[in-house]
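What follows is the content of model00.pdb (PDB, C-alpha atoms).
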```pdb
MODEL        1
ATOM      1  CA  MET E   1       0.000   0.000   0.000  1.00  0.00           C
ATOM      2  CA  SER E   2       1.383   3.396  -0.911  1.00  0.00           C
ATOM      3  CA  THR E   3       1.513   6.053   1.765  1.00  0.00           C
ATOM      4  CA  ARG E   4       1.250   9.805   1.898  1.00  0.00           C
ATOM      5  CA  SER E   5       2.572  12.139   4.548  1.00  0.00           C
ATOM      6  CA  ILE E   6       0.050  14.396   6.288  1.00  0.00           C
ATOM      7  CA  SER E   7       1.161  17.106   8.710  1.00  0.00           C
ATOM      8  CA  THR E   8      -1.178  18.750  11.160  1.00  0.00           C
ATOM      9  CA  ARG E   9      -1.100  20.767  14.337  1.00  0.00           C
ATOM     10  CA  VAL E  10      -3.081  19.692  17.375  1.00  0.00           C
ATOM     11  CA  PRO E  11      -3.791  21.385  20.692  1.00  0.00           C
ATOM     12  CA  GLU E  12      -1.129  20.774  23.339  1.00  0.00           C
ATOM     13  CA  GLU E  13      -3.591  18.849  25.543  1.00  0.00           C
ATOM     14  CA  LEU E  14      -4.377  16.434  22.709  1.00  0.00           C
ATOM     15  CA  ALA E  15      -0.686  16.030  21.900  1.00  0.00           C
ATOM     16  CA  GLU E  16      -0.010  15.144  25.540  1.00  0.00           C
ATOM     17  CA  HIS E  17      -2.770  12.500  25.490  1.00  0.00           C
ATOM     18  CA  LEU E  18      -1.384  11.012  22.280  1.00  0.00           C
ATOM     19  CA  ALA E  19       2.156  10.943  23.666  1.00  0.00           C
ATOM     20  CA  ALA E  20       1.017   9.282  26.892  1.00  0.00           C
ATOM     21  CA  GLU E  21      -1.005   6.640  25.046  1.00  0.00           C
ATOM     22  CA  ALA E  22       1.873   5.942  22.661  1.00  0.00           C
ATOM     23  CA  ARG E  23       4.227   5.454  25.637  1.00  0.00           C
ATOM     24  CA  ARG E  24       1.698   3.183  27.353  1.00  0.00           C
ATOM     25  CA  ARG E  25       1.523   1.017  24.233  1.00  0.00           C
ATOM     26  CA  SER E  26       5.273   1.195  23.563  1.00  0.00           C
ATOM     27  CA  THR E  27       4.648   2.551  20.085  1.00  0.00           C
ATOM     28  CA  THR E  28       5.248   5.772  18.229  1.00  0.00           C
ATOM     29  CA  GLU E  29       2.776   8.630  18.088  1.00  0.00           C
ATOM     30  CA  SER E  30       2.675   8.197  14.293  1.00  0.00           C
ATOM     31  CA  ASP E  31       1.751   4.509  14.580  1.00  0.00           C
ATOM     32  CA  LEU E  32      -0.927   5.345  17.136  1.00  0.00           C
ATOM     33  CA  ILE E  33      -2.419   8.041  14.907  1.00  0.00           C
ATOM     34  CA  ARG E  34      -2.390   5.658  11.914  1.00  0.00           C
ATOM     35  CA  GLU E  35      -4.191   3.055  14.027  1.00  0.00           C
ATOM     36  CA  ILE E  36      -6.824   5.562  15.157  1.00  0.00           C
ATOM     37  CA  LEU E  37      -7.411   6.748  11.591  1.00  0.00           C
ATOM     38  CA  ALA E  38      -7.623   3.172  10.288  1.00  0.00           C
ATOM     39  CA  ALA E  39     -10.161   2.312  12.978  1.00  0.00           C
ATOM     40  CA  ARG E  40     -12.243   5.373  12.140  1.00  0.00           C
ATOM     41  CA  TYR E  41     -12.142   5.265   8.361  1.00  0.00           C
ATOM     42  CA  LEU E  42     -11.289   1.688   7.402  1.00  0.00           C
ATOM     43  CA  GLY E  43     -13.138  -0.170  10.137  1.00  0.00           C
ATOM     44  CA  ALA E  44      -9.936  -1.721  11.481  1.00  0.00           C
ATOM     45  CA  HIS E  45     -10.199  -2.841  15.086  1.00  0.00           C
ATOM     46  CA  PRO E  46      -7.569  -1.120  17.228  1.00  0.00           C
ATOM     47  CA  SER E  47      -7.859  -3.772  19.928  1.00  0.00           C
ATOM     48  CA  ALA E  48      -6.581  -6.355  17.458  1.00  0.00           C
ATOM     49  CA  THR E  49      -3.405  -4.357  16.865  1.00  0.00           C
ATOM     50  CA  GLU E  50      -2.940  -2.843  20.317  1.00  0.00           C
ATOM     51  CA  PRO E  51       0.220  -4.124  21.958  1.00  0.00           C
ATOM     52  CA  GLY E  52      -0.594  -6.050  25.078  1.00  0.00           C
ATOM     53  CA  LEU E  53      -3.687  -7.709  23.677  1.00  0.00           C
ATOM     54  CA  TYR E  54      -3.920 -11.125  22.089  1.00  0.00           C
ATOM     55  CA  ASP E  55      -7.291 -12.633  21.203  1.00  0.00           C
ATOM     56  CA  GLY E  56      -8.870  -9.904  23.288  1.00  0.00           C
ATOM     57  CA  GLN E  57      -6.983 -10.790  26.457  1.00  0.00           C
ATOM     58  CA  ARG E  58      -4.312  -8.648  28.072  1.00  0.00           C
ATOM     59  CA  MET E  59      -0.862 -10.217  28.170  1.00  0.00           C
ATOM     60  CA  ASP E  60       1.690  -9.616  30.860  1.00  0.00           C
ATOM     61  CA  GLY E  61       5.092  -8.219  29.881  1.00  0.00           C
ATOM     62  CA  TYR E  62       6.706 -11.633  29.483  1.00  0.00           C
ATOM     63  CA  ALA E  63       3.907 -12.996  27.292  1.00  0.00           C
ATOM     64  CA  GLN E  64       3.976  -9.824  25.189  1.00  0.00           C
ATOM     65  CA  LEU E  65       7.736 -10.198  24.738  1.00  0.00           C
ATOM     66  CA  ILE E  66       7.398 -13.833  23.638  1.00  0.00           C
ATOM     67  CA  PHE E  67       4.581 -12.874  21.251  1.00  0.00           C
ATOM     68  CA  GLU E  68       6.663 -10.083  19.681  1.00  0.00           C
ATOM     69  CA  ILE E  69       9.719 -12.339  19.344  1.00  0.00           C
ATOM     70  CA  ALA E  70       7.666 -15.081  17.685  1.00  0.00           C
ATOM     71  CA  LYS E  71       6.016 -12.577  15.336  1.00  0.00           C
ATOM     72  CA  THR E  72       9.366 -11.046  14.386  1.00  0.00           C
ATOM     73  CA  ARG E  73      10.932 -14.474  13.890  1.00  0.00           C
ATOM     74  CA  SER E  74       8.088 -15.448  11.582  1.00  0.00           C
ATOM     75  CA  VAL E  75       8.511 -12.323   9.464  1.00  0.00           C
ATOM     76  CA  VAL E  76      12.266 -12.775   9.194  1.00  0.00           C
ATOM     77  CA  LEU E  77      12.031 -16.455   8.264  1.00  0.00           C
ATOM     78  CA  HIS E  78       9.293 -15.833   5.722  1.00  0.00           C
ATOM     79  CA  SER E  79      11.359 -13.081   4.128  1.00  0.00           C
ATOM     80  CA  LEU E  80      14.513 -15.203   4.104  1.00  0.00           C
ATOM     81  CA  ASP E  81      12.668 -18.148   2.540  1.00  0.00           C
ATOM     82  CA  HIS E  82      11.652 -15.934  -0.359  1.00  0.00           C
ATOM     83  CA  THR E  83      15.053 -14.356  -0.853  1.00  0.00           C
ATOM     84  CA  LEU E  84      17.545 -17.116  -0.023  1.00  0.00           C
ATOM     85  CA  GLY E  85      15.555 -20.298  -0.484  1.00  0.00           C
ATOM     86  CA  ALA E  86      14.328 -22.818   2.069  1.00  0.00           C
ATOM     87  CA  ASP E  87      17.447 -25.042   2.038  1.00  0.00           C
ATOM     88  CA  LEU E  88      19.841 -22.234   2.903  1.00  0.00           C
ATOM     89  CA  VAL E  89      17.441 -20.860   5.520  1.00  0.00           C
ATOM     90  CA  ASP E  90      17.246 -24.320   7.127  1.00  0.00           C
ATOM     91  CA  GLN E  91      21.059 -24.363   7.381  1.00  0.00           C
ATOM     92  CA  ILE E  92      21.047 -20.896   8.941  1.00  0.00           C
ATOM     93  CA  ILE E  93      18.393 -21.958  11.458  1.00  0.00           C
ATOM     94  CA  GLU E  94      20.357 -25.073  12.431  1.00  0.00           C
ATOM     95  CA  ALA E  95      23.512 -23.015  13.003  1.00  0.00           C
ATOM     96  CA  ALA E  96      21.575 -20.410  14.999  1.00  0.00           C
ATOM     97  CA  GLU E  97      19.936 -23.078  17.151  1.00  0.00           C
ATOM     98  CA  GLN E  98      23.320 -24.628  17.921  1.00  0.00           C
ATOM     99  CA  THR E  99      24.769 -21.247  18.844  1.00  0.00           C
ATOM    100  CA  ALA E 100      21.737 -20.490  21.026  1.00  0.00           C
ATOM    101  CA  LYS E 101      22.016 -23.847  22.823  1.00  0.00           C
ATOM    102  CA  GLU E 102      25.695 -23.229  23.527  1.00  0.00           C
ATOM    103  CA  HIS E 103      24.962 -19.734  24.811  1.00  0.00           C
ATOM    104  CA  VAL E 104      22.141 -20.904  27.100  1.00  0.00           C
ATOM    105  CA  ALA E 105      24.342 -23.694  28.459  1.00  0.00           C
ATOM    106  CA  GLN E 106      27.105 -21.197  29.166  1.00  0.00           C
ATOM    107  CA  VAL E 107      24.697 -18.781  30.918  1.00  0.00           C
ATOM    108  CA  LEU E 108      23.203 -21.578  33.030  1.00  0.00           C
ATOM    109  CA  LYS E 109      26.655 -22.827  33.959  1.00  0.00           C
ATOM    110  CA  SER E 110      27.671 -19.311  34.950  1.00  0.00           C
ATOM    111  CA  LYS E 111      24.567 -18.944  37.133  1.00  0.00           C
ATOM    112  CA  GLU E 112      25.306 -22.256  38.845  1.00  0.00           C
ATOM    113  CA  THR E 113      28.833 -21.207  39.742  1.00  0.00           C
ATOM    114  CA  GLN E 114      27.536 -17.882  41.127  1.00  0.00           C
ATOM    115  CA  SER E 115      25.092 -19.640  43.451  1.00  0.00           C
TER     116      SER E 115
ENDMDL
END
```
Representation of the structure as structure tokens:
Amino acid sequence: MSTRSISTRVPEELAEHLAAEARRRSTTESDLIREILAARYLGAHPSATEPGLYDGQRMDGYAQLIFEIAKTRSVVLHSLDHTLGADLVDQIIEAAEQTAKEHVAQVLKSKETQS
């Protein structure tokens, strides 16, 4: 979808509300405004895109983090599959998993020695 830049001035009080809501959602003011406009004019449901909600239920910080990581991982892998090919991506994933396992083992070992 192509985009177009729109600049506008808003009263200070409204700007403060937007900034506070954007901070609460850990998003940018621009993303929040786009979401509000999409909800108003395109019928998009903000609750479906609001950080912290999944299937209408609020997630705690840890669950939100896991959700965002999984979503990001999915986007990256999908993109890599289309650009590099599935075989090469599988090799990259295997190497990354091995590195991650080694790192986790090292961190756990370090924690054990600290205890």
**OP:** Compute the distance from (2.8, 5.1, 22.0) to each atom, counting only C-alpha atoms, keep the residues with any atom at most 12 Å away, and return them as a list in words; use the coordinates of the file.
**Re:**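 Those within range, by chain then number, are Ala15, Glu16, His17, Leu18, Ala19, Ala20, Glu21, Ala22, Arg23, Arg24, Arg25, Ser26, Thr27, Thr28, Glu29, Ser30, Asp31, Leu32, Ile33, Arg34, Glu35, Ile36, Glu50 and Pro51 of chain E.
CA of Ser79 in chain E is positioned 25.1 Å from CA of Arg4 in chain E.
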**OP:** Work out how far apart CA of Tyr62 in chain E and CA of Val75 in chain E are and give it in Å to one decimal.
**Re:**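 Separation between CA of Tyr62 in chain E and CA of Val75 in chain E: 20.1 Å.
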